Amino acid sequence: MGLLLQQLPVSPAWAVALLLGVLFVTLVLIAEYAQVDPAPAAQRTTRLLLGWLAYAVGLLHFGWLRAAAIGAGPAAAIAFMVAALLAYRLARLGTAGALPAAAGALVTGVIVAECAWALAYWPTAAMAGAALLVIALHVCSGLLREPLPIARSTLGGYAAAGAAALLIALRAG
């Protein structure tokens with residue numbers, strides 16, 4: 001949120017962004033606290049909320065990264081760190097242990113970093129590039145969390161996400 005607030009001039013929009021940032025951080029804290037609740041219904045709800053918040057964080061970070069136009073190398077390094085941390089958190093929200101979650105997070109981070117590297121040379125709008133990176137994060141981290149063999153219906157969902165990414169890329173490029 002600090003990155004976003006730095007880019008906005010002090011105005012009513014800045015105050016609205018500050019309030020939205022406070023709301024976002026409050027939601028994360030409430031959801032993280034509720035995640036330790038032993039009630040299964042509460043855990044499912046907070047797991048879903050934390051997953052959506054993780055993707056929102058990814059979209060904001062990747063959007064800032066694309067808008068900053070800092071070059072392919074630094075963009076790939078930052079994308080690796082953001083994607084690996086988010087993939088690790090998403091895996092730990094499920095039933096994955098620390099070691100499998102870390103391995104999946106590293107693989108996801110590398111794949112998203114490679115996508116960010118390639119996108120640095122592709123003239124796309126910042127949010128279109130960010131959406132591509134979030135979809136890459138979703139597909140990679142999701143497939144790595146699935147038990148083998150992966151069900152066809154699950155593969156269909158990830159194939160639909162991949163098709164959405166391809167449509168975004170074609171429309172933006």
# chains A, B, ... in the order shown; residues from 1 in each chain; ligands from 1
>>> select_by_dssp(residues="region 3-172 of chain A", states="helix (DSSP H, G or I)", output="number ranges by chain")
A: 3-7, 12-35, 40-68, 72-93, 98-119, 126-145, 152-172
>>> write_last_selection(atoms="C-alpha atoms", output="compact mmCIF listing (two decimals), in the first residue's frame")
# COMPACT_ATOMS: atom_id res chain seq x y z
CA LEU A 3 4.04 1.97 -2.95
CA LEU A 4 0.59 2.92 -4.16
CA LEU A 5 0.31 5.84 -1.75
CA GLN A 6 3.69 7.18 -2.85
CA GLN A 7 2.53 7.36 -6.45
CA PRO A 12 -9.17 12.77 -1.76
CA ALA A 13 -8.04 9.80 -3.89
CA TRP A 14 -5.02 9.42 -1.61
CA ALA A 15 -7.29 9.34 1.45
CA VAL A 16 -9.53 6.73 -0.19
CA ALA A 17 -6.48 4.62 -1.07
CA LEU A 18 -5.26 4.92 2.52
CA LEU A 19 -8.64 3.78 3.86
CA LEU A 20 -8.72 0.86 1.42
CA GLY A 21 -5.21 -0.10 2.52
CA VAL A 22 -6.24 -0.04 6.17
CA LEU A 23 -9.29 -2.17 5.31
CA PHE A 24 -7.11 -4.61 3.37
CA VAL A 25 -4.58 -5.01 6.19
CA THR A 26 -7.40 -5.37 8.72
CA LEU A 27 -9.01 -8.13 6.62
CA VAL A 28 -5.71 -9.96 6.39
CA LEU A 29 -5.15 -9.76 10.15
CA ILE A 30 -8.70 -10.92 10.92
CA ALA A 31 -8.46 -13.77 8.43
CA GLU A 32 -5.05 -14.88 9.70
CA TYR A 33 -6.34 -14.87 13.26
CA ALA A 34 -9.50 -16.75 12.26
CA GLN A 35 -7.41 -19.33 10.40
CA PRO A 40 -13.80 -26.40 9.97
CA ALA A 41 -16.34 -23.93 8.53
CA ALA A 42 -14.32 -20.97 9.77
CA GLN A 43 -11.12 -22.43 8.35
CA ARG A 44 -12.68 -22.98 4.92
CA THR A 45 -14.00 -19.42 4.82
CA THR A 46 -10.77 -17.84 5.97
CA ARG A 47 -8.72 -20.05 3.64
CA LEU A 48 -10.82 -18.80 0.74
CA LEU A 49 -10.54 -15.18 1.90
CA LEU A 50 -6.78 -15.44 2.42
CA GLY A 51 -6.40 -17.02 -1.02
CA TRP A 52 -8.27 -14.15 -2.68
CA LEU A 53 -6.27 -11.63 -0.68
CA ALA A 54 -3.02 -13.32 -1.74
CA TYR A 55 -4.00 -13.01 -5.40
CA ALA A 56 -4.96 -9.36 -4.84
CA VAL A 57 -1.54 -8.73 -3.29
CA GLY A 58 0.07 -10.44 -6.26
CA LEU A 59 -1.93 -8.34 -8.71
CA LEU A 60 -0.93 -5.14 -6.91
CA HIS A 61 2.75 -6.09 -6.72
CA PHE A 62 2.95 -7.31 -10.29
CA GLY A 63 1.03 -4.25 -11.51
CA TRP A 64 3.45 -1.95 -9.71
CA LEU A 65 6.34 -3.95 -11.10
CA ARG A 66 5.03 -3.62 -14.66
CA ALA A 67 4.28 0.09 -14.24
CA ALA A 68 7.72 0.79 -12.79
CA ALA A 72 13.97 -7.53 -17.06
CA GLY A 73 16.51 -8.67 -14.44
CA PRO A 74 15.21 -6.76 -11.42
CA ALA A 75 11.60 -7.43 -12.49
CA ALA A 76 12.28 -11.17 -12.63
CA ALA A 77 14.00 -11.12 -9.22
CA ILE A 78 11.15 -9.24 -7.55
CA ALA A 79 8.54 -11.40 -9.31
CA PHE A 80 10.36 -14.51 -8.04
CA MET A 81 10.29 -13.30 -4.45
CA VAL A 82 6.64 -12.21 -4.56
CA ALA A 83 5.44 -15.34 -6.35
CA ALA A 84 7.44 -17.73 -4.15
CA LEU A 85 6.19 -16.13 -0.93
CA LEU A 86 2.57 -16.09 -2.13
CA ALA A 87 2.79 -19.69 -3.40
CA TYR A 88 4.24 -20.79 -0.07
CA ARG A 89 1.42 -19.09 1.84
CA LEU A 90 -1.21 -20.56 -0.47
CA ALA A 91 0.28 -24.04 -0.01
CA ARG A 92 0.42 -23.66 3.76
CA LEU A 93 -3.24 -22.63 3.79
CA ALA A 98 6.58 -26.92 5.17
CA LEU A 99 9.03 -28.78 2.92
CA PRO A 100 6.60 -29.63 0.06
CA ALA A 101 5.21 -26.09 0.27
CA ALA A 102 8.71 -24.63 0.01
CA ALA A 103 9.61 -26.83 -2.96
CA GLY A 104 6.40 -25.92 -4.78
CA ALA A 105 6.93 -22.24 -3.95
CA LEU A 106 10.43 -22.27 -5.41
CA VAL A 107 9.23 -23.90 -8.64
CA THR A 108 6.32 -21.45 -8.88
CA GLY A 109 8.64 -18.52 -8.20
CA VAL A 110 11.00 -19.58 -10.98
CA ILE A 111 8.19 -20.02 -13.50
CA VAL A 112 6.56 -16.68 -12.66
CA ALA A 113 9.98 -14.97 -12.75
CA GLU A 114 10.59 -16.39 -16.22
CA CYS A 115 7.20 -15.06 -17.30
CA ALA A 116 8.05 -11.65 -15.82
CA TRP A 117 11.37 -11.69 -17.65
CA ALA A 118 9.64 -12.37 -20.97
CA LEU A 119 6.91 -9.80 -20.28
CA ALA A 126 0.67 -2.83 -16.68
CA MET A 127 -2.51 -4.49 -15.44
CA ALA A 128 -2.65 -6.92 -18.38
CA GLY A 129 0.90 -8.03 -17.61
CA ALA A 130 0.06 -8.24 -13.92
CA ALA A 131 -3.01 -10.36 -14.70
CA LEU A 132 -0.84 -12.72 -16.76
CA LEU A 133 1.60 -13.12 -13.89
CA VAL A 134 -1.21 -13.75 -11.38
CA ILE A 135 -2.71 -16.39 -13.66
CA ALA A 136 0.74 -18.01 -13.98
CA LEU A 137 1.00 -17.94 -10.18
CA HIS A 138 -2.46 -19.48 -9.81
CA VAL A 139 -1.90 -22.25 -12.36
CA CYS A 140 1.61 -23.20 -11.21
CA SER A 141 0.97 -23.11 -7.48
CA GLY A 142 -2.41 -24.80 -7.89
CA LEU A 143 -1.12 -27.67 -10.00
CA LEU A 144 1.80 -28.22 -7.63
CA ARG A 145 -0.61 -28.47 -4.68
CA ARG A 152 -9.56 -34.16 -15.35
CA SER A 153 -11.99 -31.62 -13.92
CA THR A 154 -9.14 -29.95 -12.04
CA LEU A 155 -6.99 -29.89 -15.18
CA GLY A 156 -9.94 -28.37 -17.03
CA GLY A 157 -10.15 -25.53 -14.54
CA TYR A 158 -6.46 -24.76 -14.84
CA ALA A 159 -6.67 -25.07 -18.64
CA ALA A 160 -9.46 -22.48 -18.57
CA ALA A 161 -7.24 -20.17 -16.52
CA GLY A 162 -4.43 -20.72 -19.02
CA ALA A 163 -6.78 -19.95 -21.90
CA ALA A 164 -7.80 -16.74 -20.12
CA ALA A 165 -4.12 -15.82 -19.85
CA LEU A 166 -3.63 -16.49 -23.54
CA LEU A 167 -6.62 -14.28 -24.40
CA ILE A 168 -5.26 -11.49 -22.19
CA ALA A 169 -1.87 -11.80 -23.86
CA LEU A 170 -3.30 -11.75 -27.36
CA ARG A 171 -5.57 -8.78 -26.68
CA ALA A 172 -2.89 -6.82 -24.86
>>> atom_distance(atom1="CA of Val10 (chain A)", atom2="CA of Thr124 (chain A)")
28.4 Å
>>> atom_distance(atom1="CA of Ala96 (chain A)", atom2="CA of Leu148 (chain A)")
13.7 Å
